$ cat work.cif   # mmCIF, C-alpha atoms
data_protein
#
loop_
_atom_site.label_atom_id
_atom_site.label_comp_id
_atom_site.auth_asym_id
_atom_site.auth_seq_id
_atom_site.Cartn_x
_atom_site.Cartn_y
_atom_site.Cartn_z
CA MET I 223 -153.33 -21.73 -29.70
CA TYR I 224 -153.20 -18.17 -28.47
CA ALA I 225 -151.00 -17.72 -25.41
CA PHE I 226 -152.63 -17.81 -22.00
CA GLU I 227 -151.63 -17.86 -18.36
CA LEU I 228 -151.97 -21.27 -16.76
CA GLU I 229 -152.94 -21.56 -13.11
CA ARG I 230 -152.40 -24.87 -11.31
CA PRO I 231 -154.31 -24.68 -8.02
CA THR I 232 -154.20 -27.66 -5.66
CA THR I 233 -157.28 -26.69 -3.62
CA LEU I 234 -160.83 -25.86 -4.65
CA ALA I 235 -160.64 -22.53 -2.83
CA ASP I 236 -157.59 -21.46 -4.86
CA ALA I 237 -159.28 -22.57 -8.08
CA ILE I 238 -162.36 -20.45 -7.37
CA LYS I 239 -160.13 -17.48 -6.60
CA ALA I 240 -158.21 -17.93 -9.87
CA LEU I 241 -161.47 -18.18 -11.80
CA GLY I 242 -162.48 -14.76 -10.49
CA GLY I 243 -160.00 -13.16 -12.90
CA GLU I 244 -161.10 -11.65 -16.18
CA GLU I 245 -161.59 -14.14 -19.04
CA ALA I 246 -160.49 -17.05 -16.87
CA GLN I 247 -161.75 -20.47 -17.85
CA PRO I 248 -161.53 -23.84 -16.08
CA LEU I 249 -159.66 -26.71 -17.79
CA SER I 250 -160.39 -30.26 -16.76
CA GLY I 251 -159.18 -33.25 -18.84
CA GLY I 252 -158.97 -31.02 -21.91
CA GLN I 253 -160.22 -33.56 -24.45
CA THR I 254 -162.63 -31.01 -25.90
CA LEU I 255 -161.16 -27.72 -24.73
CA ILE I 256 -157.59 -28.30 -25.98
CA PRO I 257 -158.72 -29.05 -29.58
CA THR I 258 -160.98 -25.98 -29.32
CA LEU I 259 -158.03 -23.84 -28.22
CA LYS I 260 -155.96 -25.18 -31.11
CA GLN I 261 -158.63 -24.05 -33.53
CA ARG I 262 -158.61 -20.68 -31.81
CA LEU I 263 -162.33 -21.01 -31.16
CA ALA I 264 -161.66 -20.16 -27.52
CA MET I 265 -159.20 -17.58 -26.30
CA PRO I 266 -159.18 -17.35 -22.52
CA SER I 267 -156.52 -15.13 -20.98
CA THR I 268 -156.18 -17.56 -18.06
CA LEU I 269 -156.79 -21.28 -17.89
CA VAL I 270 -157.32 -22.79 -14.46
CA SER I 271 -156.32 -26.45 -14.44
CA LEU I 272 -158.57 -28.54 -12.18
CA THR I 273 -156.79 -31.88 -12.50
CA GLY I 274 -154.32 -31.17 -9.69
CA ILE I 275 -157.09 -30.81 -7.10
CA ASP I 276 -157.41 -34.08 -5.18
CA GLU I 277 -160.71 -33.13 -3.51
CA LEU I 278 -162.38 -33.13 -6.96
CA LYS I 279 -161.46 -36.75 -7.66
CA GLY I 280 -162.79 -40.08 -6.57
CA ILE I 281 -165.95 -42.18 -6.39
CA LYS I 282 -168.02 -43.01 -3.31
CA ASN I 283 -170.99 -45.35 -3.05
CA GLU I 284 -173.02 -44.56 0.07
CA GLY I 285 -176.60 -45.51 0.84
CA GLY I 286 -177.55 -46.13 -2.78
CA THR I 287 -176.05 -42.88 -4.04
CA LEU I 288 -172.93 -42.80 -6.16
CA THR I 289 -170.96 -39.57 -5.75
CA ILE I 290 -168.34 -38.92 -8.41
CA GLY I 291 -165.83 -36.08 -8.09
CA GLY I 292 -165.96 -33.61 -10.97
CA ALA I 293 -162.37 -34.26 -12.08
CA THR I 294 -162.75 -38.05 -12.11
CA CYS I 295 -161.80 -39.50 -15.50
CA HIS I 296 -164.05 -41.74 -17.59
CA ALA I 297 -161.71 -44.74 -17.16
CA ASP I 298 -162.17 -44.62 -13.38
CA VAL I 299 -165.97 -44.48 -13.70
CA ALA I 300 -165.84 -47.37 -16.18
CA LYS I 301 -163.82 -49.46 -13.70
CA ASP I 302 -166.01 -48.68 -10.69
CA GLY I 303 -169.01 -50.86 -11.56
CA SER I 304 -171.29 -49.93 -8.64
CA TYR I 305 -173.75 -48.35 -11.08
CA PRO I 306 -173.31 -50.79 -13.98
CA ALA I 307 -175.18 -48.82 -16.66
CA LEU I 308 -173.14 -45.71 -15.86
CA SER I 309 -169.84 -47.63 -15.93
CA ASP I 310 -170.90 -49.17 -19.24
CA LEU I 311 -171.56 -45.69 -20.65
CA ALA I 312 -168.22 -44.34 -19.38
CA GLY I 313 -166.38 -47.32 -20.86
CA HIS I 314 -167.64 -46.48 -24.35
CA ILE I 315 -166.86 -42.77 -24.49
CA GLY I 316 -164.32 -41.95 -27.20
CA ASP I 317 -161.40 -44.37 -26.97
CA PRO I 318 -159.16 -45.72 -24.18
CA HIS I 319 -156.69 -42.81 -24.37
CA VAL I 320 -159.43 -40.19 -24.23
CA ARG I 321 -161.06 -42.02 -21.30
CA ASN I 322 -157.81 -41.73 -19.33
CA ARG I 323 -157.99 -37.92 -19.52
CA GLY I 324 -161.58 -36.75 -20.07
CA THR I 325 -163.65 -36.08 -16.94
CA ILE I 326 -167.31 -36.26 -15.96
CA GLY I 327 -167.35 -32.64 -14.77
CA GLY I 328 -165.80 -31.46 -18.02
CA SER I 329 -168.33 -33.34 -20.09
CA LEU I 330 -171.33 -32.04 -18.12
CA ALA I 331 -170.03 -28.46 -18.07
CA ASN I 332 -169.51 -28.52 -21.84
CA ASN I 333 -172.95 -30.11 -22.49
CA ASP I 334 -172.21 -31.18 -26.05
CA PRO I 335 -175.56 -32.15 -27.63
CA SER I 336 -174.07 -35.54 -28.62
CA ALA I 337 -172.18 -36.34 -25.40
CA CYS I 338 -173.10 -39.42 -23.37
CA TYR I 339 -172.93 -38.23 -19.75
CA PRO I 340 -175.77 -35.67 -20.03
CA ALA I 341 -178.17 -38.55 -20.82
CA ALA I 342 -177.02 -40.47 -17.74
CA ALA I 343 -177.37 -37.46 -15.46
CA LEU I 344 -180.83 -36.53 -16.74
CA ALA I 345 -182.21 -40.09 -16.81
CA SER I 346 -180.85 -40.88 -13.35
CA GLY I 347 -182.23 -37.70 -11.80
CA ALA I 348 -178.68 -36.87 -10.75
CA THR I 349 -177.66 -33.82 -8.76
CA ILE I 350 -174.90 -31.57 -10.05
CA VAL I 351 -172.91 -30.28 -7.09
CA THR I 352 -170.96 -27.06 -7.60
CA ASN I 353 -168.75 -24.95 -5.39
CA ASN I 354 -171.79 -23.02 -4.15
CA ARG I 355 -174.99 -25.02 -4.71
CA GLU I 356 -176.69 -28.22 -5.81
CA ILE I 357 -178.57 -28.28 -9.12
CA ALA I 358 -181.06 -30.98 -10.09
CA ALA I 359 -180.28 -32.41 -13.53
CA ASP I 360 -183.80 -31.38 -14.64
CA ASN I 361 -182.81 -27.73 -14.12
CA TYR I 362 -179.20 -28.03 -15.23
CA PHE I 363 -179.25 -28.61 -19.01
CA THR I 364 -180.56 -25.41 -20.56
CA GLY I 365 -179.74 -25.82 -24.25
CA LEU I 366 -177.04 -26.49 -26.83
CA PHE I 367 -173.71 -26.20 -24.96
CA GLU I 368 -175.64 -24.25 -22.32
CA THR I 369 -176.01 -25.11 -18.64
CA ALA I 370 -177.23 -23.50 -15.43
CA LEU I 371 -173.62 -22.93 -14.33
CA ASP I 372 -172.65 -19.32 -13.66
CA GLU I 373 -169.34 -17.79 -14.71
CA GLY I 374 -166.57 -19.08 -12.49
CA GLU I 375 -168.78 -21.82 -11.00
CA ILE I 376 -167.36 -25.33 -11.23
CA ILE I 377 -168.77 -28.82 -10.84
CA THR I 378 -167.23 -30.38 -7.76
CA ALA I 379 -169.21 -33.66 -7.86
CA VAL I 380 -172.18 -35.42 -9.40
CA LYS I 381 -174.55 -37.48 -7.23
CA PHE I 382 -176.34 -40.37 -8.93
CA PRO I 383 -179.12 -42.22 -7.12
CA ILE I 384 -178.57 -45.82 -8.27
CA PRO I 385 -181.83 -47.04 -9.85
CA GLU I 386 -183.29 -50.57 -9.79
CA LYS I 387 -182.94 -50.92 -13.52
CA ALA I 388 -180.97 -48.88 -16.03
CA ALA I 389 -179.31 -49.12 -19.40
CA TYR I 390 -177.68 -46.91 -21.99
CA VAL I 391 -177.63 -47.68 -25.68
CA LYS I 392 -175.97 -45.46 -28.21
CA PHE I 393 -176.02 -45.59 -31.97
CA GLU I 394 -172.56 -44.26 -32.43
CA GLN I 395 -171.06 -42.05 -35.05
CA PRO I 396 -168.30 -44.51 -35.90
CA ALA I 397 -165.49 -41.97 -36.37
CA SER I 398 -166.00 -39.85 -33.26
CA ARG I 399 -167.96 -42.36 -31.19
CA PHE I 400 -170.19 -39.54 -30.03
CA ALA I 401 -173.86 -40.53 -30.01
CA LEU I 402 -175.73 -40.13 -33.27
CA VAL I 403 -178.56 -40.98 -30.90
CA GLY I 404 -178.08 -42.27 -27.37
CA VAL I 405 -180.82 -43.21 -24.91
CA PHE I 406 -180.47 -43.77 -21.16
CA VAL I 407 -183.45 -45.34 -19.38
CA THR I 408 -183.91 -45.85 -15.66
CA LYS I 409 -186.59 -47.36 -13.44
CA GLY I 410 -186.38 -46.70 -9.74
CA ALA I 411 -187.57 -44.51 -6.88
CA ASN I 412 -188.04 -41.61 -9.34
CA GLY I 413 -190.26 -43.73 -11.58
CA VAL I 414 -189.27 -44.29 -15.20
CA ARG I 415 -187.04 -41.72 -16.84
CA VAL I 416 -185.91 -41.65 -20.47
CA ALA I 417 -183.21 -39.22 -21.58
CA VAL I 418 -182.14 -38.79 -25.20
CA THR I 419 -178.82 -37.35 -26.35
CA GLY I 420 -177.39 -36.75 -29.81
CA ALA I 421 -180.78 -36.12 -31.40
CA SER I 422 -182.13 -32.69 -30.55
CA GLU I 423 -180.83 -29.28 -31.55
CA GLY I 424 -181.64 -28.25 -27.97
CA GLY I 425 -179.33 -30.88 -26.48
CA VAL I 426 -180.31 -33.70 -24.13
CA PHE I 427 -184.06 -34.03 -23.39
CA ARG I 428 -186.51 -36.28 -21.56
CA TRP I 429 -188.97 -38.19 -23.70
CA THR I 430 -191.94 -37.88 -21.38
CA GLU I 431 -194.42 -39.72 -23.62
CA ALA I 432 -192.18 -42.81 -23.51
CA GLU I 433 -191.76 -42.44 -19.75
CA GLU I 434 -195.55 -42.52 -19.27
CA ALA I 435 -195.96 -45.57 -21.48
CA LEU I 436 -193.12 -47.42 -19.76
CA SER I 437 -194.40 -46.56 -16.27
CA SER I 438 -197.35 -48.89 -16.69
CA ASN I 439 -195.45 -51.52 -18.67
CA PHE I 440 -191.64 -51.49 -18.64
CA ALA I 441 -191.21 -53.39 -21.91
CA PRO I 442 -190.23 -52.49 -25.47
CA SER I 443 -193.77 -53.30 -26.64
CA ALA I 444 -195.09 -50.38 -24.57
CA LEU I 445 -193.35 -48.05 -27.03
CA GLU I 446 -195.17 -49.37 -30.12
CA GLY I 447 -196.68 -46.50 -32.07
CA LEU I 448 -194.83 -43.80 -30.16
CA SER I 449 -192.52 -41.43 -32.01
CA VAL I 450 -190.85 -38.07 -31.58
CA PRO I 451 -191.37 -35.35 -34.18
CA ALA I 452 -188.45 -34.72 -36.59
CA ASP I 453 -188.93 -31.00 -36.08
CA GLY I 454 -186.03 -29.67 -34.00
CA MET I 455 -183.85 -32.77 -34.48
CA ILE I 456 -180.24 -32.36 -35.61
CA GLY I 457 -179.66 -32.69 -39.35
CA ASP I 458 -176.10 -33.09 -40.62
CA LEU I 459 -174.09 -35.24 -43.03
CA HIS I 460 -174.41 -38.19 -40.67
CA GLY I 461 -178.19 -38.22 -40.56
CA THR I 462 -181.31 -36.22 -41.35
CA PRO I 463 -183.71 -35.00 -38.64
CA GLU I 464 -186.20 -37.70 -39.77
CA TYR I 465 -183.53 -40.39 -39.43
CA ARG I 466 -182.61 -39.27 -35.93
CA ALA I 467 -186.27 -39.09 -34.89
CA HIS I 468 -186.71 -42.67 -36.10
CA LEU I 469 -183.58 -43.76 -34.23
CA VAL I 470 -184.91 -42.31 -30.97
CA GLY I 471 -187.77 -44.84 -31.06
CA VAL I 472 -185.55 -47.77 -32.04
CA ILE I 473 -182.78 -47.04 -29.55
CA THR I 474 -185.23 -46.44 -26.70
CA LYS I 475 -186.70 -49.91 -27.29
CA ARG I 476 -183.22 -51.41 -27.26
CA ALA I 477 -182.35 -49.58 -24.06
CA VAL I 478 -185.50 -50.88 -22.33
CA MET I 479 -184.66 -54.39 -23.52
CA LYS I 480 -181.11 -54.07 -22.23
CA ALA I 481 -182.33 -52.76 -18.84
CA GLY I 482 -184.43 -55.94 -18.60
CA MET B 141 -143.52 -20.06 -18.23
CA SER B 142 -143.53 -22.81 -15.63
CA GLU B 143 -140.86 -25.22 -14.51
CA ILE B 144 -141.74 -28.81 -13.88
CA THR B 145 -139.81 -31.99 -13.11
CA LEU B 146 -140.81 -35.07 -15.09
CA ARG B 147 -139.40 -38.57 -15.39
CA ILE B 148 -139.10 -39.27 -19.09
CA ASN B 149 -138.18 -42.86 -19.97
CA GLY B 150 -136.69 -43.30 -16.51
CA LYS B 151 -134.59 -40.13 -16.52
CA GLN B 152 -135.41 -37.15 -14.36
CA ARG B 153 -135.72 -33.97 -16.44
CA ARG B 154 -136.35 -30.42 -15.30
CA VAL B 155 -138.18 -28.60 -18.10
CA THR B 156 -139.42 -25.07 -18.69
CA VAL B 157 -142.63 -24.80 -20.67
CA GLU B 158 -145.22 -22.26 -21.70
CA GLY B 159 -148.79 -22.81 -20.53
CA ARG B 160 -149.73 -23.85 -24.06
CA THR B 161 -146.84 -26.30 -24.64
CA LEU B 162 -148.37 -29.60 -25.66
CA LEU B 163 -146.80 -32.72 -24.20
CA VAL B 164 -146.00 -34.01 -27.69
CA ASP B 165 -144.12 -30.79 -28.52
CA LEU B 166 -142.07 -31.07 -25.33
CA ILE B 167 -141.23 -34.69 -26.16
CA ARG B 168 -140.26 -34.02 -29.78
CA ASP B 169 -138.85 -30.49 -29.76
CA GLN B 170 -137.26 -30.16 -26.33
CA MET B 171 -136.38 -33.79 -25.53
CA ASN B 172 -135.56 -34.65 -29.16
CA LEU B 173 -137.50 -37.91 -28.81
CA THR B 174 -138.97 -37.87 -32.30
CA GLY B 175 -140.37 -41.41 -32.23
CA THR B 176 -143.67 -40.01 -30.94
CA HIS B 177 -145.48 -38.68 -34.00
CA VAL B 178 -148.00 -35.92 -34.62
CA GLY B 179 -150.60 -37.28 -37.01
CA CYS B 180 -153.92 -35.50 -36.89
CA ASP B 181 -153.19 -33.09 -34.04
CA THR B 182 -156.91 -33.30 -33.17
CA SER B 183 -156.78 -36.19 -30.66
CA GLN B 184 -158.17 -38.76 -33.05
CA CYS B 185 -155.39 -40.76 -34.73
CA GLY B 186 -153.28 -41.96 -31.79
CA ALA B 187 -149.86 -41.58 -33.47
CA CYS B 188 -148.83 -39.51 -30.43
CA VAL B 189 -149.83 -42.02 -27.74
CA VAL B 190 -147.47 -42.17 -24.76
CA LYS B 191 -147.90 -43.44 -21.22
CA LEU B 192 -148.44 -41.06 -18.30
CA ASP B 193 -148.00 -42.77 -14.93
CA GLY B 194 -148.98 -46.04 -16.56
CA ASP B 195 -152.01 -44.80 -18.53
CA THR B 196 -152.02 -44.25 -22.29
CA VAL B 197 -152.87 -40.73 -23.45
CA LYS B 198 -152.82 -38.74 -26.67
CA SER B 199 -149.90 -36.41 -26.03
CA CYS B 200 -151.18 -33.86 -28.57
CA THR B 201 -154.08 -33.19 -26.19
CA VAL B 202 -152.24 -32.77 -22.89
CA LEU B 203 -150.82 -29.46 -21.69
CA THR B 204 -147.42 -30.27 -20.18
CA ALA B 205 -147.70 -27.69 -17.42
CA THR B 206 -150.87 -29.32 -16.03
CA LEU B 207 -149.00 -32.54 -15.20
CA PRO B 208 -148.23 -33.27 -11.54
CA GLU B 209 -144.57 -32.95 -10.47
CA GLY B 210 -142.72 -36.19 -11.01
CA THR B 211 -145.09 -37.61 -13.64
CA GLU B 212 -143.61 -40.69 -15.28
CA ILE B 213 -143.71 -40.52 -19.09
CA THR B 214 -142.90 -43.47 -21.33
CA THR B 215 -142.47 -42.89 -25.05
CA ILE B 216 -141.72 -45.43 -27.78
CA GLU B 217 -138.01 -44.88 -27.11
CA GLY B 218 -138.56 -46.05 -23.53
CA VAL B 219 -140.37 -49.35 -24.14
CA SER B 220 -137.11 -51.28 -24.18
CA THR B 221 -133.43 -50.77 -23.58
CA GLY B 222 -131.15 -52.10 -26.26
CA ASP B 223 -132.96 -54.86 -28.14
CA LEU B 224 -136.42 -54.48 -29.55
CA HIS B 225 -139.35 -55.06 -27.20
CA PRO B 226 -141.17 -58.35 -27.98
CA MET B 227 -144.08 -56.26 -29.27
CA GLN B 228 -141.80 -54.42 -31.69
CA GLU B 229 -140.43 -57.80 -32.83
CA ALA B 230 -144.00 -59.00 -33.36
CA PHE B 231 -144.90 -55.98 -35.51
CA SER B 232 -141.82 -56.66 -37.60
CA LYS B 233 -142.49 -60.39 -37.89
CA CYS B 234 -146.21 -60.08 -38.72
CA HIS B 235 -145.87 -57.10 -41.08
CA GLY B 236 -147.93 -54.95 -38.71
CA LEU B 237 -146.86 -51.79 -40.48
CA GLN B 238 -146.43 -50.34 -43.92
CA CYS B 239 -145.55 -46.64 -43.88
CA GLY B 240 -144.90 -46.85 -40.14
CA PHE B 241 -146.27 -43.45 -39.19
CA CYS B 242 -148.87 -44.79 -36.75
CA THR B 243 -146.58 -47.53 -35.40
CA PRO B 244 -145.07 -45.78 -32.34
CA GLY B 245 -148.53 -45.03 -30.94
CA LEU B 246 -149.74 -48.52 -31.82
CA VAL B 247 -146.81 -50.27 -30.15
CA VAL B 248 -147.17 -48.22 -26.95
CA THR B 249 -150.92 -48.97 -26.98
CA ALA B 250 -150.40 -52.66 -27.80
CA ILE B 251 -148.02 -53.18 -24.87
CA ASP B 252 -150.58 -51.49 -22.61
CA ILE B 253 -153.37 -53.74 -23.91
CA VAL B 254 -151.35 -56.87 -23.16
CA GLU B 255 -150.25 -55.65 -19.73
CA ARG B 256 -153.90 -55.02 -18.82
CA SER B 257 -154.94 -58.52 -19.93
CA PRO B 258 -152.90 -60.96 -17.84
CA ASP B 259 -155.67 -63.55 -18.04
CA GLY B 260 -155.75 -63.84 -21.81
CA LEU B 261 -156.54 -61.83 -24.90
CA SER B 262 -158.67 -62.38 -28.00
CA ALA B 263 -158.68 -60.73 -31.42
CA SER B 264 -161.98 -58.96 -30.78
CA GLN B 265 -160.67 -57.54 -27.49
CA VAL B 266 -157.63 -56.22 -29.36
CA ARG B 267 -159.79 -54.60 -32.04
CA LYS B 268 -161.92 -52.91 -29.39
CA ALA B 269 -158.87 -51.66 -27.47
CA LEU B 270 -157.35 -50.23 -30.66
CA LYS B 271 -160.29 -47.88 -31.22
CA GLY B 272 -158.14 -44.84 -30.54
CA ASN B 273 -155.41 -45.68 -33.06
CA LEU B 274 -155.84 -45.13 -36.77
CA CYS B 275 -153.78 -46.82 -39.49
CA ARG B 276 -154.43 -45.90 -43.11
CA CYS B 277 -152.21 -48.58 -44.70
CA THR B 278 -152.68 -52.03 -43.28
CA GLY B 279 -156.42 -52.54 -42.91
CA TYR B 280 -155.62 -53.58 -39.29
CA GLN B 281 -155.52 -57.32 -40.02
CA ASN B 282 -151.76 -57.60 -39.54
CA ILE B 283 -151.80 -55.15 -36.63
CA VAL B 284 -154.22 -57.40 -34.74
CA ALA B 285 -152.06 -60.40 -35.63
CA SER B 286 -148.98 -58.52 -34.38
CA VAL B 287 -150.59 -57.61 -31.05
CA LEU B 288 -151.62 -61.23 -30.50
CA GLU B 289 -148.16 -62.46 -31.46
CA GLY B 290 -146.65 -59.88 -29.09
CA ALA B 291 -149.03 -61.05 -26.36
CA ARG B 292 -147.82 -64.64 -26.75
CA ALA B 293 -144.22 -63.45 -26.57
CA MET B 294 -145.07 -61.52 -23.41
CA GLY B 295 -146.50 -64.69 -21.85
CA VAL B 296 -150.20 -63.88 -22.20
CA GLN B 297 -152.49 -66.59 -23.49
CA VAL B 298 -154.28 -65.84 -26.74
CA THR B 299 -157.87 -66.98 -26.80
CA GLU B 300 -158.66 -68.38 -30.21
CA GLU B 301 -162.00 -67.41 -31.63
CA LYS B 302 -163.66 -67.30 -34.99
CA GLU B 303 -163.66 -63.68 -36.00
CA THR B 304 -166.82 -62.19 -37.36
CA VAL B 305 -165.82 -58.98 -39.04
#

$ encode --input "work.cif" --output "structure tokens"
Amino acid sequence: MYAFELERPTTLADAIKALGGEEAQPLSGGQTLIPTLKQRLAMPSTLVSLTGIDELKGIKNEGGTLTIGGATCHADVAKDGSYPALSDLAGHIGDPHVRNRGTIGGSLANNDPSACYPAAALASGATIVTNNREIAADNYFTGLFETALDEGEIITAVKFPIPEKAAYVKFEQPASRFALVGVFVTKGANGVRVAVTGASEGGVFRWTEAEEALSSNFAPSALEGLSVPADGMIGDLHGTPEYRAHLVGVITKRAVMKAG
Amino acid sequence: MSEITLRINGKQRRVTVEGRTLLVDLIRDQMNLTGTHVGCDTSQCGACVVKLDGDTVKSCTVLTATLPEGTEITTIEGVSTGDLHPMQEAFSKCHGLQCGFCTPGLVVTAIDIVERSPDGLSASQVRKALKGNLCRCTGYQNIVASVLEGARAMGVQVTEEKETV
């Protein structure tokens, strides 16, 4: 790791101020950023630690909306249970030790193309709340490791409308437990939404063709004959683009079955 | 450099660390508690697992200076005073280790698993909860047996089940 200054604000206002400095970067649970710093792939001059800010932590369930503070760790979301599919997803990220540190805000800000939370946010029609605005999930994920966040802008909370039915199924890469392909489906006030992570070179995406088919018949059989093109899918030593495209169909069916 | 007060294995310690000082480096190099190991240094293997305020973490992926004042840290040296902890006895009795490199992290994790399962524990629950700890010697069979043996010794009922591996 290159040396850096570490700021430890205890209020959001102080954190925003510290992030105004040149080459300052926020640090949440650090489960991705610390390994990245070790590899010297990132070299911020200042790191602003967000885990000491109490107002960024906690989970509230009000009027059918679950609001999760940006610095809330995966283990706390897994324990909560008021949005069962989301808690199920959080309880299968990485391993127990990683879940005690990693945070929802950190995961969404990083937008790894194989991370689990982006699929939940997009499929649930969640709202990403930052220190200066609210961003609909549909407008938030802009590409591989890219989001609508501006420099120095941090995720303070994520608001999930709790749907009638929902499920997440991931075909995991057994070493990392990232999704080789992961699919989150929901059925609720926003209609049917299907979000796929792990598959596309562009990061998480909605499979609109499947959403249309499932809107009239929310059953695995509605997906018969549907497929996504292999073009633009991730190809690596774990799977070819064709393999991932095939998995999208299979895992979506399983997710619909699990949602019931 | 920042100064921070931590409680390490029950003792209050005032430490001075750089922003980039990893918790595992503080524990090993400044506290001379070398039971906590650095295996992969990429937050995968779990040889460096310690408890922070009751929760297990990979100490190679925690910056010491980000910890709240007064954080309670338990390393392998702190799991018992004097005699071996029943879980350590169980690892010894059931041959739950060969080279022993991963063992400190596994024992800290195993005690945590049992403490979180007061109503009973099965082999498949143990396997699932050990996802963050790698062992390259044993093939895990004896580790799972050790954790279950340790659970019995700690007064937790072991649910028998036919394992499908």

$ interface_residues --input "work.cif" --of "chain B" --to "chain I" --cutoff "10 Å" --atoms "all atoms listed in the file" --output "number ranges by chain"
B: 141-142, 158-162, 181-184, 186, 189-192, 195-203, 205-209, 249, 253, 268-273

$ closest_residue --input "work.cif" --among "I:His468, I:Asn283, I:Pro335, I:Glu277" --to "I:Gly303" --atoms "only C-alpha atoms"
I:Asn283

$ resolve_selection --input "work.cif" --expression "the PyMOL selection byres ((chain B and resi 288) around 10)" --output "PyMOL selection string"
chain B and resi 227+230-231+234+250+254+260-263+266+282-287+289-294+296-299

$ resolve_selection --input "work.cif" --expression "the PyMOL selection byres ((chain I and resi 306) around 12)" --output "list in words"
Leu288, Val299, Ala300, Lys301, Asp302, Gly303, Ser304, Tyr305, Ala307, Leu308, Ser309, Asp310, Leu311, Ala312, Gly313, Ala342, Phe382, Ile384, Pro385, Glu386, Lys387, Ala388, Ala389, Tyr390, Thr408, Lys480 and Ala481 of chain I

$ residues_around --input "work.cif" --residues "stretch 169-174 of chain B" --least-positions-apart "2" --cutoff "9 Å" --atoms "only C-alpha atoms" --output "list in words"
Ile148, Val155, Val164, Asp165, Leu166, Ile167, Thr176, His177, Thr215, Ile216 and Glu217 of chain B

$ resolve_selection --input "work.cif" --expression "the PyMOL selection byres ((chain I and resi 239-247) around 6)" --output "list of chain:residue names"
I:Asp236, I:Ala237, I:Ile238, I:Pro248, I:Pro266, I:Ser267, I:Thr268, I:Leu269, I:Gly374

$ atom_distance --input "work.cif" --atom1 "atom CA of I:Gly347" --atom2 "atom CA of I:Asn412"
7.4 Å

$ build_atoms --input "work.cif" --residues "stretch 372-382 of chain I" --atoms "N, CA, C and O atoms" --output "PDB file, in the frame of the given file"
ATOM      1  N   ASP I 372    -173.015 -20.741 -13.514  1.00  0.00           N
ATOM      2  CA  ASP I 372    -172.650 -19.320 -13.660  1.00  0.00           C
ATOM      3  C   ASP I 372    -171.171 -19.224 -14.034  1.00  0.00           C
ATOM      4  O   ASP I 372    -170.429 -20.188 -13.916  1.00  0.00           O
ATOM      5  N   GLU I 373    -170.762 -18.040 -14.446  1.00  0.00           N
ATOM      6  CA  GLU I 373    -169.340 -17.790 -14.710  1.00  0.00           C
ATOM      7  C   GLU I 373    -168.524 -18.111 -13.462  1.00  0.00           C
ATOM      8  O   GLU I 373    -168.903 -17.723 -12.354  1.00  0.00           O
ATOM      9  N   GLY I 374    -167.451 -18.815 -13.627  1.00  0.00           N
ATOM     10  CA  GLY I 374    -166.570 -19.080 -12.490  1.00  0.00           C
ATOM     11  C   GLY I 374    -167.071 -20.155 -11.533  1.00  0.00           C
ATOM     12  O   GLY I 374    -166.451 -20.423 -10.520  1.00  0.00           O
ATOM     13  N   GLU I 375    -168.237 -20.753 -11.855  1.00  0.00           N
ATOM     14  CA  GLU I 375    -168.780 -21.820 -11.000  1.00  0.00           C
ATOM     15  C   GLU I 375    -168.307 -23.164 -11.556  1.00  0.00           C
ATOM     16  O   GLU I 375    -168.351 -23.362 -12.776  1.00  0.00           O
ATOM     17  N   ILE I 376    -167.829 -24.051 -10.712  1.00  0.00           N
ATOM     18  CA  ILE I 376    -167.360 -25.330 -11.230  1.00  0.00           C
ATOM     19  C   ILE I 376    -168.056 -26.511 -10.577  1.00  0.00           C
ATOM     20  O   ILE I 376    -168.522 -26.438  -9.439  1.00  0.00           O
ATOM     21  N   ILE I 377    -168.134 -27.593 -11.335  1.00  0.00           N
ATOM     22  CA  ILE I 377    -168.770 -28.820 -10.840  1.00  0.00           C
ATOM     23  C   ILE I 377    -167.769 -29.526  -9.938  1.00  0.00           C
ATOM     24  O   ILE I 377    -166.681 -29.886 -10.364  1.00  0.00           O
ATOM     25  N   THR I 378    -168.141 -29.697  -8.682  1.00  0.00           N
ATOM     26  CA  THR I 378    -167.230 -30.380  -7.760  1.00  0.00           C
ATOM     27  C   THR I 378    -167.548 -31.877  -7.694  1.00  0.00           C
ATOM     28  O   THR I 378    -166.671 -32.687  -7.457  1.00  0.00           O
ATOM     29  N   ALA I 379    -168.826 -32.236  -7.902  1.00  0.00           N
ATOM     30  CA  ALA I 379    -169.210 -33.660  -7.860  1.00  0.00           C
ATOM     31  C   ALA I 379    -170.557 -33.841  -8.555  1.00  0.00           C
ATOM     32  O   ALA I 379    -171.278 -32.873  -8.798  1.00  0.00           O
ATOM     33  N   VAL I 380    -170.873 -35.076  -8.859  1.00  0.00           N
ATOM     34  CA  VAL I 380    -172.180 -35.420  -9.400  1.00  0.00           C
ATOM     35  C   VAL I 380    -172.712 -36.582  -8.565  1.00  0.00           C
ATOM     36  O   VAL I 380    -171.996 -37.556  -8.326  1.00  0.00           O
ATOM     37  N   LYS I 381    -173.968 -36.422  -8.070  1.00  0.00           N
ATOM     38  CA  LYS I 381    -174.550 -37.480  -7.230  1.00  0.00           C
ATOM     39  C   LYS I 381    -175.617 -38.227  -8.026  1.00  0.00           C
ATOM     40  O   LYS I 381    -176.593 -37.620  -8.490  1.00  0.00           O
ATOM     41  N   PHE I 382    -175.400 -39.527  -8.188  1.00  0.00           N
ATOM     42  CA  PHE I 382    -176.340 -40.370  -8.930  1.00  0.00           C
ATOM     43  C   PHE I 382    -177.066 -41.300  -7.962  1.00  0.00           C
ATOM     44  O   PHE I 382    -176.428 -42.148  -7.329  1.00  0.00           O
TER      45      PHE I 382
END
